[in-house]
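First the structure, in the form of C-alpha cells, and then the observations on it.
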Amino acid sequence: MIHSQPDRRVRRTRARLEQAMLELLREKDARSITVRELTERADVNRGTFYAHYKDVFDLLDQMEQALFQRLTQLLSSYSTQDLQNGLTPLLTDVFRFVRDDPVLRLAFQDQRTQDSFFRRLDQLIYEKCQEDWQGLFLPVD
C-alpha cells in the first residue's frame, strides 16, 4: 500500500494550526485554549479544524506523535557500526534536535507535560538500546 503525503493545502493548514498552538501555549495553559481562539489565530475556519482534529488535545497529541516520529528517524539513522566509534555524532544530532524543535522546547518548559514526555522519551531510548544497540558497549568492571 502506498502512503501519499497530504496535499499542499492540508500541510499548510496543519502548519498554521500547529504554529498558532505553539504561540498560544507560550501564553497560556493548553486546557484554557479554545478551538475558536486557535482557529482565529491561525486564520482557519472552525470546520476546517474539525476536519483534521477532534479537539485541541488531539492537535497536541498529533504534534507530539510527529515529534517522536522525527526523533525515532534520527535515532534510527545511526547503525551499530556508526556508533562503535563513539556516541558524539549521535548526541550532537540529538542535542541539535532538542535545541531546534519548538514542540520539544515547550515540553521542557511546561511542568505538566514533562513527566509524560520524559517517560515516553525514556521508553524510546530504552527500546533503541535493547533492539538496535544491544551489545554495542561492553560493561566495565
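In the C-alpha cells, the first chain shown is A, the next is B, and so on; residue numbers restart at 1 for each chain, and ligands run from 1 in the order shown.
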
* Asked: Skipping near chain neighbours, those fewer than 2 positions away, what residues fall within 8 Å of stretch 72-75 of chain A using only C-alpha atoms, listed as a PyMOL selection string?
  -> chain A and resi 68-70+77-78+90+93-94+124+128

Pull N, CA, C and O atoms from the residues just selected and write them as a PDB file, in the first residue's frame.
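The result, written out as part.pdb:
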ATOM      1  N   PHE A  68       7.933  12.555  18.022  1.00  0.00           N
ATOM      2  CA  PHE A  68       8.566  11.273  18.319  1.00  0.00           C
ATOM      3  C   PHE A  68       8.900  10.501  17.045  1.00  0.00           C
ATOM      4  O   PHE A  68       9.882   9.763  17.007  1.00  0.00           O
ATOM      5  N   GLN A  69       8.122  10.691  16.010  1.00  0.00           N
ATOM      6  CA  GLN A  69       8.443  10.056  14.736  1.00  0.00           C
ATOM      7  C   GLN A  69       9.750  10.621  14.177  1.00  0.00           C
ATOM      8  O   GLN A  69      10.611   9.871  13.708  1.00  0.00           O
ATOM      9  N   ARG A  70       9.920  11.949  14.242  1.00  0.00           N
ATOM     10  CA  ARG A  70      11.166  12.562  13.775  1.00  0.00           C
ATOM     11  C   ARG A  70      12.349  12.120  14.624  1.00  0.00           C
ATOM     12  O   ARG A  70      13.435  11.839  14.109  1.00  0.00           O
ATOM     13  N   SER A  77      18.774   6.503  12.174  1.00  0.00           N
ATOM     14  CA  SER A  77      19.713   6.802  11.096  1.00  0.00           C
ATOM     15  C   SER A  77      21.143   6.397  11.456  1.00  0.00           C
ATOM     16  O   SER A  77      22.024   6.401  10.602  1.00  0.00           O
ATOM     17  N   TYR A  78      21.372   6.025  12.715  1.00  0.00           N
ATOM     18  CA  TYR A  78      22.700   5.588  13.166  1.00  0.00           C
ATOM     19  C   TYR A  78      22.693   4.077  13.348  1.00  0.00           C
ATOM     20  O   TYR A  78      21.910   3.546  14.128  1.00  0.00           O
ATOM     21  N   LEU A  90      25.946  11.055  17.251  1.00  0.00           N
ATOM     22  CA  LEU A  90      24.538  10.859  17.605  1.00  0.00           C
ATOM     23  C   LEU A  90      24.097  11.893  18.628  1.00  0.00           C
ATOM     24  O   LEU A  90      23.056  12.539  18.466  1.00  0.00           O
ATOM     25  N   ASP A  93      23.666  15.335  17.158  1.00  0.00           N
ATOM     26  CA  ASP A  93      22.413  15.462  16.408  1.00  0.00           C
ATOM     27  C   ASP A  93      21.198  15.516  17.330  1.00  0.00           C
ATOM     28  O   ASP A  93      20.253  16.270  17.075  1.00  0.00           O
ATOM     29  N   VAL A  94      21.207  14.737  18.397  1.00  0.00           N
ATOM     30  CA  VAL A  94      20.090  14.753  19.345  1.00  0.00           C
ATOM     31  C   VAL A  94      19.995  16.117  20.026  1.00  0.00           C
ATOM     32  O   VAL A  94      18.906  16.687  20.152  1.00  0.00           O
ATOM     33  N   LEU A 124      11.510   5.288  24.461  1.00  0.00           N
ATOM     34  CA  LEU A 124      12.041   5.255  23.099  1.00  0.00           C
ATOM     35  C   LEU A 124      13.530   4.924  23.107  1.00  0.00           C
ATOM     36  O   LEU A 124      13.989   4.044  22.364  1.00  0.00           O
ATOM     37  N   LYS A 128      15.500   1.497  21.723  1.00  0.00           N
ATOM     38  CA  LYS A 128      16.602   1.554  20.762  1.00  0.00           C
ATOM     39  C   LYS A 128      17.810   0.806  21.315  1.00  0.00           C
ATOM     40  O   LYS A 128      18.484   0.073  20.581  1.00  0.00           O
TER      41      LYS A 128
END

Step one, run DSSP on the backbone; step two, keep only residues of stretch 69-102 of chain A assigned to alpha helix (DSSP H); then write them as an mmCIF file with C-alpha atoms, in the first residue's frame.
data_model
loop_
_atom_site.group_PDB
_atom_site.id
_atom_site.type_symbol
_atom_site.label_atom_id
_atom_site.label_comp_id
_atom_site.auth_asym_id
_atom_site.auth_seq_id
_atom_site.Cartn_x
_atom_site.Cartn_y
_atom_site.Cartn_z
ATOM 1 C CA GLN A 69 8.443 10.056 14.736
ATOM 2 C CA ARG A 70 11.166 12.562 13.775
ATOM 3 C CA LEU A 71 13.229 11.603 16.815
ATOM 4 C CA THR A 72 12.861 7.892 16.042
ATOM 5 C CA GLN A 73 14.034 8.546 12.483
ATOM 6 C CA LEU A 74 17.040 10.439 13.815
ATOM 7 C CA LEU A 75 17.986 7.634 16.212
ATOM 8 C CA SER A 76 17.430 5.007 13.521
ATOM 9 C CA THR A 80 25.576 -0.026 15.400
ATOM 10 C CA GLN A 81 28.655 0.307 13.211
ATOM 11 C CA ASP A 82 28.288 4.098 13.182
ATOM 12 C CA LEU A 83 28.203 4.161 16.968
ATOM 13 C CA THR A 88 29.484 12.011 19.788
ATOM 14 C CA PRO A 89 27.832 12.288 16.335
ATOM 15 C CA LEU A 90 24.538 10.859 17.605
ATOM 16 C CA LEU A 91 24.495 13.012 20.722
ATOM 17 C CA THR A 92 25.372 16.108 18.696
ATOM 18 C CA ASP A 93 22.413 15.462 16.408
ATOM 19 C CA VAL A 94 20.090 14.753 19.345
ATOM 20 C CA PHE A 95 21.104 17.977 21.102
ATOM 21 C CA ARG A 96 20.577 19.941 17.865
ATOM 22 C CA PHE A 97 17.170 18.312 17.527
ATOM 23 C CA VAL A 98 16.264 19.333 21.079
ATOM 24 C CA ARG A 99 17.551 22.861 20.557
ATOM 25 C CA ASP A 100 15.758 23.417 17.255
ATOM 26 C CA PRO A 102 9.725 24.195 19.171
#

Check which residues of stretch 58-132 of chain A sit at most 9 Å from stretch 11-31 of chain A using only C-alpha atoms, and return one row each with the closest pair of atoms and their distance in Å to one decimal, ordered by chain and rising number, as CSV.
residue,atom,partner,partner_atom,distance
A:Leu59,CA,A:Glu18,CA,7.6
A:Leu60,CA,A:Met21,CA,8.1
A:Met63,CA,A:Glu18,CA,7.4
A:Pro102,CA,A:Leu22,CA,7.6
A:Val103,CA,A:Leu22,CA,7.3
A:Leu106,CA,A:Arg26,CA,7.8
A:Asp110,CA,A:Asp29,CA,8.8

Using only C-alpha atoms, please write the residues we just selected to a file, as a PDB file, in the first residue's frame.
ATOM      1  CA  LEU A  59      -3.876  18.504  17.816  1.00  0.00           C
ATOM      2  CA  LEU A  60      -1.367  18.405  20.686  1.00  0.00           C
ATOM      3  CA  MET A  63       2.145  17.229  17.257  1.00  0.00           C
ATOM      4  CA  PRO A 102       9.725  24.195  19.171  1.00  0.00           C
ATOM      5  CA  VAL A 103       7.426  21.411  20.417  1.00  0.00           C
ATOM      6  CA  LEU A 106       7.676  23.709  25.110  1.00  0.00           C
ATOM      7  CA  ASP A 110       5.839  23.060  30.888  1.00  0.00           C
TER       8      ASP A 110
END

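Closest approach to A:Tyr50 among A:Leu121, A:Val35, A:Gln62, A:Leu67: A:Val35, based on only C-alpha atoms.
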
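One distance worth recording is that between atom CA of A:Ala42 and atom CA of A:Pro6, which is 18.7 Å.
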
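The nearest approach to A:Gln84 among the residues A:Arg9, A:Arg46, A:Gln134, A:Ile33, with only C-alpha atoms taken into account, belongs to A:Gln134.
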
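Distances to A:Glu64 were evaluated for A:Asp132, A:Asp101, A:Asp43, A:Asp122 using only C-alpha atoms, and the minimum falls at A:Asp101.
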
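The interatomic distance for the pair atom CA of A:Phe118 and atom CA of A:Asp58 works out to 19.3 Å.
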